[in-house]
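Engineer: Dumping the structure here so I can ask a few things about it.
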Amino acid sequence: MLLKAFLSNSHHPMPLTIGLICEGKTPPDKRVPLTPKKCVEAQDDFPGLRVVVQSSAIRSYTDQEYRDLGLDVREDVSGCDVLMGVKEVPIDQLIPNKTYLFFSHTVKKQPANRKLLQAVLRKNITLIDYELLTNEHGERIVAFGRYAGIVGAYNGLLTYGRKHGLYNLKPAYQCVDMDDMQEEFFKVKKLPTIKMAVTGSGRVAQGALEVLDRMGIRRVSVYDYLYLDFNEPVYTQLRSSDYNRRRDGRVWDTQNFHQHPAEYESTFGNFLPVTDLLIACAYWHPAAPLLFTEADTRRPDFRINTIADVTCDVNGSVPTTKRSSTIAEPVFDYNPATGELEPAYSQPENITVMAVDNLPCELPRNASRDFGRQLIDKVLPHLLGDDAEGVIARATIAKEGHLTERYQYLSDYVAETVQA
């Protein structure tokens with residue numbers, strides 16, 4: 001890889017330039033891999049590294065904020081060795097023969113991005129996907145998940161408050177940053193004695209719990225949540241074992257559940273009669289059980305009236321999520337009687353659903369700071385070093401215009417290019 005020689009001689013490292021590209025996808029994404037301060041830190045930490053910033057009118061950090069710290073901001077970044085973005089790069093903006101890092105959303109053979117990967121191969125590009133950057137245990141080392149959970153939980157409380165006429169929180173995307181958003185937290189003191197369930201135990205769920213805790217909402221055990229009444233709003237965290245069981249009646253096995261999800265069935269029905277607000281943050285595999293069915297929503301004891309589907313799997317674990325929503329229009333209603341979607345807050349008996357699929361974009365400055373910290377600590381040492389642990393190699397989908405061995409299974413996905 002062209003980067004391996006970098007830092008090969010610590011006294012005389014080869015100069016290497018990283019270009020932060022302007023996001024080109026629509027709707028525009030305001031996040032950036034490295035904030036101005038993180039650019040300076042990266043240059044200080046890795047002698048020979050230079051960061052160039054492509055001018056952008058939409059980025060949450062302005063061109064001037066980069067210039068103020070002495071960084072080179074320009075329109076043309078074609079001279080850079082490595083190009084870093086966040087979202088998929090529009091095909092007409094891909095520069096041939098370059099190394100790119102971005103979220104490509106291609107490894108699951110997503111139909112929408114087939115042409116993107118074909119173009120990457122055609123243009124002799126090396127593509128490193130952030131989503132595939134893992135440690136030796138297979139755990140992801142960079143992600144925006146925490147902020148998906150933070151904004152998702154906030155949006156869930158915002159939606160519940162609007163639905164019931166309790167309070168009006170300022171939308172997260174209208175907040176300057178997390179500190180600004182926290183100024184709104186006091187308003188949820190007007191919550192009645194409701195029960196909230198947060199599913200999941202990963203980064204996303206942790207972000208959601210962070211918000212509920214900072215709002216001063218009491219956490220209770222799963223048992224107490226199911227069987228006790230409280231004189232204040234409470235929440236509980238549900239792990240996979242709390243709402244799934246093996247079909248064969250054998251004891252729960254988390255590893256087995258992840259390997260063979262089809263052998264399990266949902267017990268989430270236990271929570272339907274006691275939950276008012278569901279904040280769904282758990283990763284879901286298509287072979288795994290649904291949390292509930294559309295038929296369940298017509299049960300007399302189905303109590304959930306507001307859902308923040310942070311995972312936003314359309315027609316997935318939360319069957320009322322029949323489509324994703326947008327930051328501008330984050331909410332829609334599901335009518336249990338008809339199974340149809342209706343405008344938000346249409347009827348009190350409807351289930352109101354928040355299903356924004358790009359939640360971290362609502363707090364782009366905070367999300368970018370978090371992401372940059374992870375890049376500097378966990379990725380740049382491998383990207384700019386010899387990658388002895390294979391961190392970069394594992395995340396490299398295409399190298400110099402060819403699929404790498406690990407991703408040969410995508411050959412049929414890009415077959416049109418192969419035949420061309």
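Scheme for the structure tokens: letters A, B, ... for chains in order shown; per-chain residue numbers from 1; ligand numbers from 1 in order shown.
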Please identify all polymer residues within 9 Å of Gly152 of chain A, counting only C-alpha atoms, omitting same-chain residues fewer than 6 positions from it, and present them as an mmCIF file with all heavy atoms, in the first residue's frame.

Structural biologist:
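result35.cif written:
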data_model
loop_
_atom_site.group_PDB
_atom_site.id
_atom_site.type_symbol
_atom_site.label_atom_id
_atom_site.label_comp_id
_atom_site.auth_asym_id
_atom_site.auth_seq_id
_atom_site.Cartn_x
_atom_site.Cartn_y
_atom_site.Cartn_z
ATOM 1 N N VAL A 204 -24.808 2.697 20.292
ATOM 2 C CA VAL A 204 -26.046 3.454 20.075
ATOM 3 C C VAL A 204 -26.860 3.504 21.368
ATOM 4 O O VAL A 204 -27.307 4.572 21.809
ATOM 5 C CB VAL A 204 -26.870 2.832 18.929
ATOM 6 C CG1 VAL A 204 -28.158 3.619 18.709
ATOM 7 C CG2 VAL A 204 -26.056 2.791 17.641
ATOM 8 N N GLY A 207 -25.400 5.755 24.000
ATOM 9 C CA GLY A 207 -25.704 7.163 23.747
ATOM 10 C C GLY A 207 -27.087 7.537 24.237
ATOM 11 O O GLY A 207 -27.296 8.601 24.838
ATOM 12 N N ALA A 208 -28.055 6.648 23.997
ATOM 13 C CA ALA A 208 -29.425 6.908 24.449
ATOM 14 C C ALA A 208 -29.497 6.965 25.968
ATOM 15 O O ALA A 208 -30.143 7.855 26.545
ATOM 16 C CB ALA A 208 -30.357 5.823 23.908
ATOM 17 N N ILE A 279 -37.508 3.061 22.696
ATOM 18 C CA ILE A 279 -36.330 3.613 22.020
ATOM 19 C C ILE A 279 -35.504 2.419 21.541
ATOM 20 O O ILE A 279 -34.820 1.760 22.326
ATOM 21 C CB ILE A 279 -35.517 4.516 22.967
ATOM 22 C CG1 ILE A 279 -36.408 5.642 23.518
ATOM 23 C CG2 ILE A 279 -34.307 5.112 22.250
ATOM 24 C CD1 ILE A 279 -35.734 6.519 24.574
ATOM 25 N N ALA A 280 -35.621 2.113 20.249
ATOM 26 C CA ALA A 280 -35.027 0.895 19.690
ATOM 27 C C ALA A 280 -33.611 1.178 19.198
ATOM 28 O O ALA A 280 -33.428 1.886 18.210
ATOM 29 C CB ALA A 280 -35.896 0.372 18.554
ATOM 30 N N CYS A 281 -32.621 0.625 19.893
ATOM 31 C CA CYS A 281 -31.215 0.883 19.572
ATOM 32 C C CYS A 281 -30.431 -0.397 19.286
ATOM 33 O O CYS A 281 -29.224 -0.339 19.078
ATOM 34 C CB CYS A 281 -30.539 1.604 20.740
ATOM 35 S SG CYS A 281 -31.254 3.200 21.151
ATOM 36 N N ALA A 308 -39.165 5.640 19.053
ATOM 37 C CA ALA A 308 -37.982 6.231 18.432
ATOM 38 C C ALA A 308 -37.168 5.061 17.889
ATOM 39 O O ALA A 308 -36.490 4.366 18.645
ATOM 40 C CB ALA A 308 -37.178 7.028 19.453
ATOM 41 N N ASP A 309 -37.283 4.809 16.590
ATOM 42 C CA ASP A 309 -36.577 3.686 15.982
ATOM 43 C C ASP A 309 -35.208 4.175 15.522
ATOM 44 O O ASP A 309 -35.032 4.582 14.372
ATOM 45 C CB ASP A 309 -37.375 3.104 14.817
ATOM 46 C CG ASP A 309 -36.777 1.799 14.314
ATOM 47 O OD1 ASP A 309 -35.706 1.415 14.819
ATOM 48 O OD2 ASP A 309 -37.375 1.170 13.424
ATOM 49 N N VAL A 310 -34.251 4.141 16.441
ATOM 50 C CA VAL A 310 -32.924 4.688 16.180
ATOM 51 C C VAL A 310 -32.182 3.819 15.164
ATOM 52 O O VAL A 310 -31.443 4.319 14.322
ATOM 53 C CB VAL A 310 -32.124 4.812 17.492
ATOM 54 C CG1 VAL A 310 -30.771 5.469 17.242
ATOM 55 C CG2 VAL A 310 -32.919 5.618 18.528
ATOM 56 N N MET A 354 -40.651 7.980 15.155
ATOM 57 C CA MET A 354 -39.513 8.778 14.713
ATOM 58 C C MET A 354 -38.506 7.798 14.116
ATOM 59 O O MET A 354 -38.029 6.903 14.814
ATOM 60 C CB MET A 354 -38.914 9.531 15.903
ATOM 61 C CG MET A 354 -37.822 10.548 15.582
ATOM 62 S SD MET A 354 -36.208 9.906 15.035
ATOM 63 C CE MET A 354 -35.750 8.842 16.401
ATOM 64 N N ALA A 355 -38.204 7.936 12.824
ATOM 65 C CA ALA A 355 -37.313 6.978 12.159
ATOM 66 C C ALA A 355 -36.331 7.692 11.238
ATOM 67 O O ALA A 355 -36.202 7.361 10.066
ATOM 68 C CB ALA A 355 -38.131 5.950 11.388
ATOM 69 N N VAL A 356 -35.636 8.686 11.781
ATOM 70 C CA VAL A 356 -34.616 9.402 11.010
ATOM 71 C C VAL A 356 -33.414 8.482 10.831
ATOM 72 O O VAL A 356 -32.924 7.899 11.803
ATOM 73 C CB VAL A 356 -34.192 10.700 11.736
ATOM 74 C CG1 VAL A 356 -33.054 11.388 10.995
ATOM 75 C CG2 VAL A 356 -35.387 11.641 11.870
ATOM 76 N N LEU A 359 -29.265 10.270 12.065
ATOM 77 C CA LEU A 359 -29.360 11.045 13.306
ATOM 78 C C LEU A 359 -28.090 11.796 13.708
ATOM 79 O O LEU A 359 -28.177 12.938 14.172
ATOM 80 C CB LEU A 359 -29.802 10.119 14.452
ATOM 81 C CG LEU A 359 -31.264 9.673 14.391
ATOM 82 C CD1 LEU A 359 -31.490 8.477 15.303
ATOM 83 C CD2 LEU A 359 -32.190 10.819 14.785
ATOM 84 N N PRO A 360 -26.884 11.218 13.561
ATOM 85 C CA PRO A 360 -25.687 11.962 13.993
ATOM 86 C C PRO A 360 -25.516 13.287 13.266
ATOM 87 O O PRO A 360 -24.826 14.186 13.758
ATOM 88 C CB PRO A 360 -24.533 11.002 13.664
ATOM 89 C CG PRO A 360 -25.161 9.651 13.660
ATOM 90 C CD PRO A 360 -26.546 9.860 13.109
#

Engineer: Considering only C-alpha atoms, return as a VMD selection string whatever protein or nucleic-acid residues lie within 10 Å of segment 216-231 of chain A, sequence-local ones (same chain, fewer than 6 positions apart) excluded.

Structural biologist: chain A and resid 185 to 186 188 to 189 191 to 197 209 237 to 239 242 270 to 275

Engineer: Could you name the residues that touch Asn335 of chain A at 7 Å or less, counting only C-alpha atoms, but leaving out those on the same chain fewer than 6 positions away, as number ranges by chain?

Structural biologist: A: 341-342, 350-351

Engineer: Check the DSSP output for the backbone and give back, as a ChimeraX atom specification, the residues of segment 109-175 of chain A in helix (DSSP H, G or I).

Structural biologist: /A:111-122,130-132,145-163,172-174

Engineer: Between A:Arg67, A:Arg214, A:Lys25, A:Arg303, which one has atoms that come closest to Leu277 of chain A, using only C-alpha atoms?

Structural biologist: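 For Leu277 of chain A, the nearest of the given residues is A:Arg303.
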
Engineer: When you look at Ser324 of chain A with a cut-off of 8 Å (counting only C-alpha atoms), what residues show up, excluding the ones that are within fewer than 2 positions of it in the same chain? I need them as a VMD selection string.

Structural biologist: chain A and resid 312 314 321 to 322 326 355 to 357

Engineer: Write out, as a PDB file, in the first residue's frame, the residues just selected, with all heavy atoms.

Structural biologist:
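Result file result06.pdb:
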ATOM      1  N   CYS A 312     -33.552   2.156  12.769  1.00  0.00           N
ATOM      2  CA  CYS A 312     -34.195   2.505  11.499  1.00  0.00           C
ATOM      3  C   CYS A 312     -33.991   1.438  10.417  1.00  0.00           C
ATOM      4  O   CYS A 312     -33.537   1.724   9.315  1.00  0.00           O
ATOM      5  CB  CYS A 312     -33.713   3.868  10.998  1.00  0.00           C
ATOM      6  SG  CYS A 312     -34.758   4.532   9.684  1.00  0.00           S
ATOM      7  N   VAL A 314     -35.904  -0.361   7.927  1.00  0.00           N
ATOM      8  CA  VAL A 314     -37.228  -0.294   7.292  1.00  0.00           C
ATOM      9  C   VAL A 314     -37.769  -1.705   7.105  1.00  0.00           C
ATOM     10  O   VAL A 314     -37.062  -2.596   6.617  1.00  0.00           O
ATOM     11  CB  VAL A 314     -37.148   0.451   5.951  1.00  0.00           C
ATOM     12  CG1 VAL A 314     -38.480   0.415   5.221  1.00  0.00           C
ATOM     13  CG2 VAL A 314     -36.710   1.891   6.181  1.00  0.00           C
ATOM     14  N   THR A 321     -42.096   0.713  11.296  1.00  0.00           N
ATOM     15  CA  THR A 321     -41.156   1.527  10.528  1.00  0.00           C
ATOM     16  C   THR A 321     -41.220   1.076   9.070  1.00  0.00           C
ATOM     17  O   THR A 321     -40.398   0.291   8.604  1.00  0.00           O
ATOM     18  CB  THR A 321     -39.726   1.409  11.088  1.00  0.00           C
ATOM     19  OG1 THR A 321     -39.747   1.808  12.474  1.00  0.00           O
ATOM     20  CG2 THR A 321     -38.763   2.322  10.345  1.00  0.00           C
ATOM     21  N   LYS A 322     -42.219   1.581   8.367  1.00  0.00           N
ATOM     22  CA  LYS A 322     -42.417   1.199   6.965  1.00  0.00           C
ATOM     23  C   LYS A 322     -41.606   2.080   6.021  1.00  0.00           C
ATOM     24  O   LYS A 322     -41.523   1.815   4.830  1.00  0.00           O
ATOM     25  CB  LYS A 322     -43.907   1.261   6.609  1.00  0.00           C
ATOM     26  CG  LYS A 322     -44.749   0.193   7.329  1.00  0.00           C
ATOM     27  CD  LYS A 322     -46.220   0.349   6.998  1.00  0.00           C
ATOM     28  CE  LYS A 322     -47.029  -0.797   7.579  1.00  0.00           C
ATOM     29  NZ  LYS A 322     -46.804  -2.060   6.862  1.00  0.00           N
ATOM     30  N   THR A 326     -37.014  12.039   7.705  1.00  0.00           N
ATOM     31  CA  THR A 326     -35.919  12.978   7.474  1.00  0.00           C
ATOM     32  C   THR A 326     -35.742  13.904   8.678  1.00  0.00           C
ATOM     33  O   THR A 326     -36.640  14.032   9.516  1.00  0.00           O
ATOM     34  CB  THR A 326     -36.195  13.840   6.226  1.00  0.00           C
ATOM     35  OG1 THR A 326     -37.367  14.642   6.475  1.00  0.00           O
ATOM     36  CG2 THR A 326     -36.438  12.970   5.002  1.00  0.00           C
ATOM     37  N   ALA A 355     -38.204   7.936  12.824  1.00  0.00           N
ATOM     38  CA  ALA A 355     -37.313   6.978  12.159  1.00  0.00           C
ATOM     39  C   ALA A 355     -36.331   7.692  11.238  1.00  0.00           C
ATOM     40  O   ALA A 355     -36.202   7.361  10.066  1.00  0.00           O
ATOM     41  CB  ALA A 355     -38.131   5.950  11.388  1.00  0.00           C
ATOM     42  N   VAL A 356     -35.636   8.686  11.781  1.00  0.00           N
ATOM     43  CA  VAL A 356     -34.616   9.402  11.010  1.00  0.00           C
ATOM     44  C   VAL A 356     -33.414   8.482  10.831  1.00  0.00           C
ATOM     45  O   VAL A 356     -32.924   7.899  11.803  1.00  0.00           O
ATOM     46  CB  VAL A 356     -34.192  10.700  11.736  1.00  0.00           C
ATOM     47  CG1 VAL A 356     -33.054  11.388  10.995  1.00  0.00           C
ATOM     48  CG2 VAL A 356     -35.387  11.641  11.870  1.00  0.00           C
ATOM     49  N   ASP A 357     -32.930   8.334   9.595  1.00  0.00           N
ATOM     50  CA  ASP A 357     -31.850   7.366   9.354  1.00  0.00           C
ATOM     51  C   ASP A 357     -30.456   7.991   9.355  1.00  0.00           C
ATOM     52  O   ASP A 357     -29.476   7.285   9.111  1.00  0.00           O
ATOM     53  CB  ASP A 357     -32.092   6.593   8.060  1.00  0.00           C
ATOM     54  CG  ASP A 357     -32.115   7.482   6.824  1.00  0.00           C
ATOM     55  OD1 ASP A 357     -31.908   8.702   6.974  1.00  0.00           O
ATOM     56  OD2 ASP A 357     -32.358   6.960   5.724  1.00  0.00           O
TER      57      ASP A 357
END

Engineer: Pick the closest to Val176 of chain A from A:Tyr264, A:Tyr409, A:Phe103, A:Tyr61: which is it, counting only C-alpha atoms?

Structural biologist: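 Looking only at the distances to Val176 of chain A, the closest residue turns out to be A:Tyr61.
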
Engineer: Please report, as a short mmCIF file (atom, residue, chain, number, x, y, z; two decimals) with C-alpha atoms, in the first residue's frame, each residue of segment 167-357 of chain A to which DSSP assigns strand (DSSP E or B) when run on this structure's backbone.

Structural biologist:
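The file below, part-v3.cif, is the result:
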data_model
loop_
_atom_site.label_atom_id
_atom_site.label_comp_id
_atom_site.auth_asym_id
_atom_site.auth_seq_id
_atom_site.Cartn_x
_atom_site.Cartn_y
_atom_site.Cartn_z
CA LYS A 195 -42.22 3.75 31.28
CA MET A 196 -39.54 3.77 28.59
CA ALA A 197 -37.68 0.76 27.18
CA VAL A 198 -34.27 1.08 25.49
CA THR A 199 -33.19 -1.98 23.50
CA ARG A 218 -34.66 7.02 36.86
CA ARG A 219 -33.30 3.69 35.66
CA VAL A 234 -38.62 5.45 34.57
CA TYR A 235 -36.67 3.54 31.96
CA THR A 236 -35.01 0.16 31.64
CA GLN A 237 -32.35 -1.21 29.30
CA LEU A 238 -33.23 -4.43 27.50
CA ASN A 244 -35.77 -13.30 23.04
CA ARG A 245 -35.65 -17.00 23.89
CA ARG A 246 -34.54 -20.19 22.20
CA TYR A 264 -34.93 -17.79 18.59
CA GLU A 265 -38.34 -16.21 19.12
CA SER A 266 -39.38 -12.87 20.57
CA LEU A 277 -42.13 4.94 24.79
CA LEU A 278 -39.86 2.50 22.95
CA ILE A 279 -36.33 3.61 22.02
CA ALA A 280 -35.03 0.89 19.69
CA THR A 306 -44.43 6.56 20.68
CA ILE A 307 -41.44 4.83 19.07
CA ALA A 308 -37.98 6.23 18.43
CA ASP A 309 -36.58 3.69 15.98
CA SER A 325 -38.02 9.86 7.92
CA VAL A 331 -42.06 11.83 12.51
CA PHE A 332 -45.02 9.95 11.04
CA ASP A 333 -47.99 8.08 12.48
CA TYR A 334 -48.84 4.39 12.12
CA ASN A 335 -52.56 3.63 12.26
CA GLU A 340 -51.32 2.58 7.02
CA LEU A 341 -48.98 5.49 7.63
CA GLU A 342 -50.55 8.89 8.32
CA PRO A 343 -49.24 12.41 9.00
CA ILE A 351 -48.53 5.07 17.13
CA THR A 352 -46.17 7.98 16.46
CA VAL A 353 -42.83 6.91 14.97
CA MET A 354 -39.51 8.78 14.71
CA VAL A 356 -34.62 9.40 11.01
#

Engineer: Identify, on the basis of only C-alpha atoms, every residue whose closest approach to Glu65 of chain A does not exceed 12 Å; exclude the query and any residue fewer than 3 positions from it along the same chain; express the result as a PyMOL selection string.

Structural biologist: chain A and resi 35-40+53+55-56+59-62+68-73

Engineer: To one decimal place in Å, what is the distance between atom CA of Ala344 of chain A and atom CA of Ile304 of chain A?

Structural biologist: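 Straight-line distance from atom CA of Ala344 of chain A to atom CA of Ile304 of chain A works out to 15.6 Å.
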
Engineer: Of the candidates A:Met178, A:Ala337, A:Leu383, A:Ala42, which shows the shortest atom-to-atom distance to Thr297 of chain A, using only C-alpha atoms?

Structural biologist: A:Ala337

Engineer: With only C-alpha atoms counted and 10 Å as the cut-off, give the residues of segment 25-84 of chain A in contact with segment 125-128 of chain A, each with its shortest interatomic distance in Å and the pair that gives it, as CSV.

Structural biologist:
residue,atom,partner,partner_atom,distance
A:Val82,CA,A:Thr126,CA,9.5
A:Leu83,CA,A:Leu127,CA,9.9
A:Met84,CA,A:Ile128,CA,9.6

Engineer: Tell me which of A:Ala148, A:Ile141, A:Ala119, A:Leu133 sits closest to Glu362 of chain A, counting only C-alpha atoms.

Structural biologist: A:Ala148

Engineer: If you count only C-alpha atoms, which residues fall within 8 Å of Pro319 of chain A, apart from same-chain ones fewer than 5 positions away, as a CSV table (one decimal) with N, CA and C atoms, in the first residue's frame?

Structural biologist:
chain,number,residue,atom,x,y,z
A,290,LEU,N,-38.8,-10.4,15.1
A,290,LEU,CA,-39.2,-9.0,15.2
A,290,LEU,C,-39.5,-8.8,16.7
A,292,PHE,N,-42.2,-7.1,17.7
A,292,PHE,CA,-43.6,-7.4,17.7
A,292,PHE,C,-44.1,-7.4,16.3
A,293,THR,N,-45.4,-7.8,16.1
A,293,THR,CA,-46.0,-7.8,14.8
A,293,THR,C,-47.0,-6.7,14.6
A,294,GLU,N,-47.4,-6.4,13.4
A,294,GLU,CA,-48.5,-5.4,13.2
A,294,GLU,C,-49.8,-5.9,13.9
A,314,VAL,N,-35.9,-0.4,7.9
A,314,VAL,CA,-37.2,-0.3,7.3
A,314,VAL,C,-37.8,-1.7,7.1

Engineer: Quick one: everything within 12 Å of Lys98 of chain A, counting only C-alpha atoms, minus sequence neighbours fewer than 2 positions away in the same chain. Send it as a ChimeraX atom specification.

Structural biologist: /A:1-3,17-19,77-84,93-96,100-101,120-128,398-401

Engineer: Go ahead and save the residues from that selection, with N, CA and C atoms, as a JSON list (two decimals), in the first residue's frame.

Structural biologist:
[["chain", "number", "residue", "atom", "x", "y", "z"],
["A", 1, "MET", "N", 0.84, -1.19, 0.00],
["A", 1, "MET", "CA", 0.00, 0.00, 0.00],
["A", 1, "MET", "C", 0.88, 1.25, 0.00],
["A", 2, "LEU", "N", 0.45, 2.29, -0.66],
["A", 2, "LEU", "CA", 1.31, 3.47, -0.82],
["A", 2, "LEU", "C", 1.65, 4.08, 0.53],
["A", 3, "LEU", "N", 0.89, 3.77, 1.59],
["A", 3, "LEU", "CA", 1.12, 4.41, 2.88],
["A", 3, "LEU", "C", 2.15, 3.69, 3.72],
["A", 17, "THR", "N", -0.03, 13.58, 2.28],
["A", 17, "THR", "CA", -1.10, 14.58, 2.41],
["A", 17, "THR", "C", -2.47, 13.91, 2.45],
["A", 18, "ILE", "N", -3.23, 14.23, 3.48],
["A", 18, "ILE", "CA", -4.63, 13.78, 3.57],
["A", 18, "ILE", "C", -5.51, 14.96, 3.20],
["A", 19, "GLY", "N", -6.44, 14.75, 2.29],
["A", 19, "GLY", "CA", -7.39, 15.78, 1.91],
["A", 19, "GLY", "C", -8.77, 15.49, 2.48],
["A", 77, "VAL", "N", -8.36, 19.30, -4.37],
["A", 77, "VAL", "CA", -7.58, 18.42, -3.49],
["A", 77, "VAL", "C", -7.02, 17.23, -4.27],
["A", 78, "SER", "N", -6.97, 17.36, -5.58],
["A", 78, "SER", "CA", -6.52, 16.24, -6.42],
["A", 78, "SER", "C", -5.05, 15.90, -6.21],
["A", 79, "GLY", "N", -4.30, 16.83, -5.59],
["A", 79, "GLY", "CA", -2.90, 16.55, -5.34],
["A", 79, "GLY", "C", -2.65, 15.77, -4.07],
["A", 80, "CYS", "N", -3.70, 15.50, -3.29],
["A", 80, "CYS", "CA", -3.53, 14.78, -2.03],
["A", 80, "CYS", "C", -3.37, 13.29, -2.26],
["A", 81, "ASP", "N", -2.66, 12.63, -1.35],
["A", 81, "ASP", "CA", -2.43, 11.19, -1.47],
["A", 81, "ASP", "C", -3.66, 10.39, -1.02],
["A", 82, "VAL", "N", -4.27, 10.82, 0.07],
["A", 82, "VAL", "CA", -5.42, 10.12, 0.65],
["A", 82, "VAL", "C", -6.57, 11.10, 0.80],
["A", 83, "LEU", "N", -7.76, 10.68, 0.42],
["A", 83, "LEU", "CA", -8.94, 11.54, 0.52],
["A", 83, "LEU", "C", -9.93, 10.95, 1.50],
["A", 84, "MET", "N", -10.35, 11.77, 2.47],
["A", 84, "MET", "CA", -11.27, 11.32, 3.52],
["A", 84, "MET", "C", -12.58, 12.09, 3.44],
["A", 93, "GLN", "N", -17.51, 12.78, -8.79],
["A", 93, "GLN", "CA", -16.52, 13.49, -7.98],
["A", 93, "GLN", "C", -15.33, 12.60, -7.59],
["A", 94, "LEU", "N", -15.39, 11.32, -7.91],
["A", 94, "LEU", "CA", -14.29, 10.41, -7.60],
["A", 94, "LEU", "C", -13.07, 10.75, -8.47],
["A", 95, "ILE", "N", -11.92, 10.87, -7.83],
["A", 95, "ILE", "CA", -10.68, 11.18, -8.55],
["A", 95, "ILE", "C", -9.93, 9.87, -8.78],
["A", 96, "PRO", "N", -9.61, 9.55, -10.03],
["A", 96, "PRO", "CA", -8.94, 8.27, -10.33],
["A", 96, "PRO", "C", -7.61, 8.12, -9.59],
["A", 100, "TYR", "N", -9.22, 6.35, -0.96],
["A", 100, "TYR", "CA", -10.34, 7.02, -0.32],
["A", 100, "TYR", "C", -10.73, 6.30, 0.97],
["A", 101, "LEU", "N", -11.17, 7.08, 1.96],
["A", 101, "LEU", "CA", -11.84, 6.54, 3.14],
["A", 101, "LEU", "C", -13.20, 7.21, 3.26],
["A", 120, "VAL", "N", -15.46, 2.86, -8.58],
["A", 120, "VAL", "CA", -14.22, 2.75, -7.80],
["A", 120, "VAL", "C", -13.24, 1.82, -8.52],
["A", 121, "LEU", "N", -13.74, 0.69, -8.99],
["A", 121, "LEU", "CA", -12.89, -0.27, -9.68],
["A", 121, "LEU", "C", -12.43, 0.28, -11.03],
["A", 122, "ARG", "N", -13.36, 0.90, -11.72],
["A", 122, "ARG", "CA", -13.06, 1.43, -13.05],
["A", 122, "ARG", "C", -12.00, 2.52, -12.98],
["A", 123, "LYS", "N", -12.02, 3.31, -11.91],
["A", 123, "LYS", "CA", -11.11, 4.45, -11.79],
["A", 123, "LYS", "C", -9.82, 4.11, -11.02],
["A", 124, "ASN", "N", -9.61, 2.81, -10.83],
["A", 124, "ASN", "CA", -8.35, 2.37, -10.23],
["A", 124, "ASN", "C", -8.15, 2.94, -8.82],
["A", 125, "ILE", "N", -9.24, 2.97, -8.06],
["A", 125, "ILE", "CA", -9.23, 3.58, -6.72],
["A", 125, "ILE", "C", -9.03, 2.51, -5.65],
["A", 126, "THR", "N", -8.32, 2.88, -4.58],
["A", 126, "THR", "CA", -8.24, 2.05, -3.38],
["A", 126, "THR", "C", -9.27, 2.58, -2.39],
["A", 127, "LEU", "N", -10.20, 1.70, -1.97],
["A", 127, "LEU", "CA", -11.30, 2.11, -1.09],
["A", 127, "LEU", "C", -11.20, 1.43, 0.26],
["A", 128, "ILE", "N", -11.04, 2.25, 1.29],
["A", 128, "ILE", "CA", -11.04, 1.78, 2.69],
["A", 128, "ILE", "C", -12.33, 2.26, 3.32],
["A", 398, "ALA", "N", -11.42, -2.41, -2.08],
["A", 398, "ALA", "CA", -10.79, -2.43, -3.40],
["A", 398, "ALA", "C", -9.40, -1.84, -3.28],
["A", 399, "LYS", "N", -8.45, -2.42, -4.01],
["A", 399, "LYS", "CA", -7.09, -1.90, -4.01],
["A", 399, "LYS", "C", -6.65, -1.71, -5.45],
["A", 400, "GLU", "N", -6.35, -0.46, -5.77],
["A", 400, "GLU", "CA", -5.89, -0.11, -7.11],
["A", 400, "GLU", "C", -6.77, -0.71, -8.19],
["A", 401, "GLY", "N", -8.09, -0.57, -7.97],
["A", 401, "GLY", "CA", -9.04, -0.96, -9.01],
["A", 401, "GLY", "C", -9.49, -2.40, -9.01]]

Engineer: Please compute the atom CA of Asn366 of chain A-atom CA of Thr106 of chain A distance, one decimal, in Å.

Structural biologist: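 Atom-to-atom, atom CA of Asn366 of chain A to atom CA of Thr106 of chain A, that is 26.5 Å.
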
Engineer: So what do you get for atom CA of His382 of chain A versus atom CA of Arg31 of chain A, distance-wise?

Structural biologist: 22.9 Å
